[in-house]
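Okay, structure first, notes after.
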Amino acid sequence: MKPLVYYCRWQGAKLRLRGRDEAAVWGQLVFSDEDGEEITQDFRFNLQNWQLTLESLGGNIILQLDEMGVEVEEGSRGAGVQG
């Protein structure tokens, strides 16, 4: 789950976990706007391949993260990542 935590740090978001099983965690990313109001975005994070799915009105956005929580191109994942 470390890549997800790092991703949140880089994005300035807080994690609000809603559930977990052996394959994934899910919940909300919580951001603050200029007025201090919360903006939330639902997510699901695959623990095996470090794939982050962000839910949006226009459809899901799928990001592939590396071990430091940085988005990477699909074909450039580092060694040790199971896909």
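Note on naming: chains are A, B, ... as they come in the structure tokens, residues start from 1 per chain, ligands start from 1 in the order shown.
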Who sits within 9 Å of Gly12 in chain A, only C-alpha atoms, same chain under 6 positions skipped, as an MDAnalysis selection string: chainID A and resid 30:32
For range 52-59 of chain A: contacts at 7 Å, only C-alpha atoms, fewer than 6 positions along chain excluded, given as a list in words: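 Non-adjacent residues within range: Gln41, Asp42, Phe43, Arg44, Phe45 and Asn46 of chain A.
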If you keep N, CA and C atoms, can you produce a file of those selected residues as a CSV table (one decimal), in the first residue's frame?
```csv
chain,number,residue,atom,x,y,z
A,41,GLN,N,-12.7,12.1,-4.1
A,41,GLN,CA,-12.7,11.3,-5.3
A,41,GLN,C,-12.6,9.8,-4.9
A,42,ASP,N,-13.6,9.0,-5.3
A,42,ASP,CA,-13.5,7.6,-5.0
A,42,ASP,C,-12.4,6.9,-5.8
A,43,PHE,N,-11.8,5.9,-5.1
A,43,PHE,CA,-10.7,5.2,-5.8
A,43,PHE,C,-10.7,3.7,-5.4
A,44,ARG,N,-10.0,2.9,-6.1
A,44,ARG,CA,-9.7,1.5,-5.8
A,44,ARG,C,-8.2,1.3,-6.2
A,45,PHE,N,-7.5,0.7,-5.3
A,45,PHE,CA,-6.0,0.5,-5.5
A,45,PHE,C,-5.7,-1.0,-5.4
A,46,ASN,N,-5.2,-1.6,-6.6
A,46,ASN,CA,-4.9,-3.0,-6.6
A,46,ASN,C,-3.5,-3.2,-6.0
```
Close residues, range 2-11 of chain A itself excluded, 9 Å, only C-alpha atoms, min 6 positions apart in chain, as a list in words: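 The neighbour list is Leu29, Phe31, Phe45, Trp50, Leu52, Leu65, Asp66, Glu67, Met68, Gly69, Val70 and Glu71 of chain A.
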What does the file look like for those residues with C-alpha atoms, as a short mmCIF file (atom, residue, chain, number, x, y, z; two decimals), in the first residue's frame?
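Contents of selection-v8.cif, freshly written:
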```
data_model
loop_
_atom_site.label_atom_id
_atom_site.label_comp_id
_atom_site.auth_asym_id
_atom_site.auth_seq_id
_atom_site.Cartn_x
_atom_site.Cartn_y
_atom_site.Cartn_z
CA LEU A 29 -9.02 10.63 -1.76
CA PHE A 31 -8.55 17.21 -1.15
CA PHE A 45 -6.04 0.47 -5.50
CA TRP A 50 -0.13 -1.00 -7.97
CA LEU A 52 -4.96 3.02 -9.07
CA LEU A 65 2.08 3.71 -10.06
CA ASP A 66 5.68 2.81 -9.32
CA GLU A 67 7.05 1.97 -5.85
CA MET A 68 7.33 5.70 -5.03
CA GLY A 69 3.72 6.48 -5.97
CA VAL A 70 4.64 8.20 -9.24
CA GLU A 71 2.54 7.56 -12.32
#
```
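With only C-alpha atoms as the atoms that count, the minimum distance from Thr40 in chain A to the choices A:Gln28, A:Ala13, A:Leu63, A:Arg20 is reached by A:Gln28.
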Residue list (helix (DSSP H, G or I), DSSP) for range 7-53 of chain A, as a VMD selection string: chain A and resid 7 to 11
Please, could you write that set of residues out with C-alpha atoms as a compact mmCIF listing (two decimals), in the first residue's frame?
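Output file part39.txt is given in full below:
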```
# COMPACT_ATOMS: atom_id res chain seq x y z
CA TYR A 7 0.81 9.13 -4.34
CA CYS A 8 -1.43 10.90 -1.83
CA ARG A 9 1.51 12.85 -0.44
CA TRP A 10 2.54 14.03 -3.92
CA GLN A 11 -1.06 15.01 -4.72
```
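Counting only C-alpha atoms and comparing A:Asn60, A:Gly36, A:Gln48, A:Val72, the residue that lies closest to Asp21 in chain A is A:Gln48.
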Filtered DSSP result for range 8-37 of chain A, state strand (DSSP E or B), as JSON, numbers by chain: {"A": [14, 15, 16, 17, 18, 19, 20, 24, 25, 26, 27, 28, 29, 30, 31, 32]}
Point-to-point distance from CA of Glu34 in chain A to CA of Ile62 in chain A, Å rounded to tenths: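 Those two atoms sit 26.7 Å apart.
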For Leu47 in chain A: contacts at 8 Å, only C-alpha atoms, fewer than 2 positions along chain excluded, given as a ChimeraX atom specification: /A:1,22-25,45,49-51
Please dump the current selection as an mmCIF file, in the first residue's frame; keep N, CA and C atoms.
```cif
data_model
loop_
_atom_site.group_PDB
_atom_site.id
_atom_site.type_symbol
_atom_site.label_atom_id
_atom_site.label_comp_id
_atom_site.auth_asym_id
_atom_site.auth_seq_id
_atom_site.Cartn_x
_atom_site.Cartn_y
_atom_site.Cartn_z
ATOM 1 N N MET A 1 0.820 -1.191 0.000
ATOM 2 C CA MET A 1 0.000 0.000 0.000
ATOM 3 C C MET A 1 0.868 1.261 0.000
ATOM 4 N N GLU A 22 -7.847 -9.037 0.201
ATOM 5 C CA GLU A 22 -6.485 -9.483 -0.080
ATOM 6 C C GLU A 22 -5.920 -8.886 -1.370
ATOM 7 N N ALA A 23 -6.772 -8.404 -2.267
ATOM 8 C CA ALA A 23 -6.312 -7.905 -3.561
ATOM 9 C C ALA A 23 -6.301 -6.381 -3.676
ATOM 10 N N ALA A 24 -7.101 -5.670 -2.870
ATOM 11 C CA ALA A 24 -7.256 -4.234 -3.094
ATOM 12 C C ALA A 24 -7.690 -3.497 -1.832
ATOM 13 N N VAL A 25 -7.519 -2.177 -1.875
ATOM 14 C CA VAL A 25 -8.115 -1.268 -0.894
ATOM 15 C C VAL A 25 -8.939 -0.259 -1.691
ATOM 16 N N PHE A 45 -7.462 0.692 -5.286
ATOM 17 C CA PHE A 45 -6.037 0.474 -5.503
ATOM 18 C C PHE A 45 -5.742 -1.011 -5.442
ATOM 19 N N ASN A 49 -0.615 -5.153 -8.409
ATOM 20 C CA ASN A 49 0.069 -4.512 -9.542
ATOM 21 C C ASN A 49 0.169 -2.992 -9.411
ATOM 22 N N TRP A 50 -0.231 -2.439 -8.272
ATOM 23 C CA TRP A 50 -0.128 -1.003 -7.970
ATOM 24 C C TRP A 50 -0.890 -0.143 -8.976
ATOM 25 N N GLN A 51 -2.036 -0.643 -9.414
ATOM 26 C CA GLN A 51 -2.872 0.104 -10.339
ATOM 27 C C GLN A 51 -3.938 0.855 -9.532
#
```
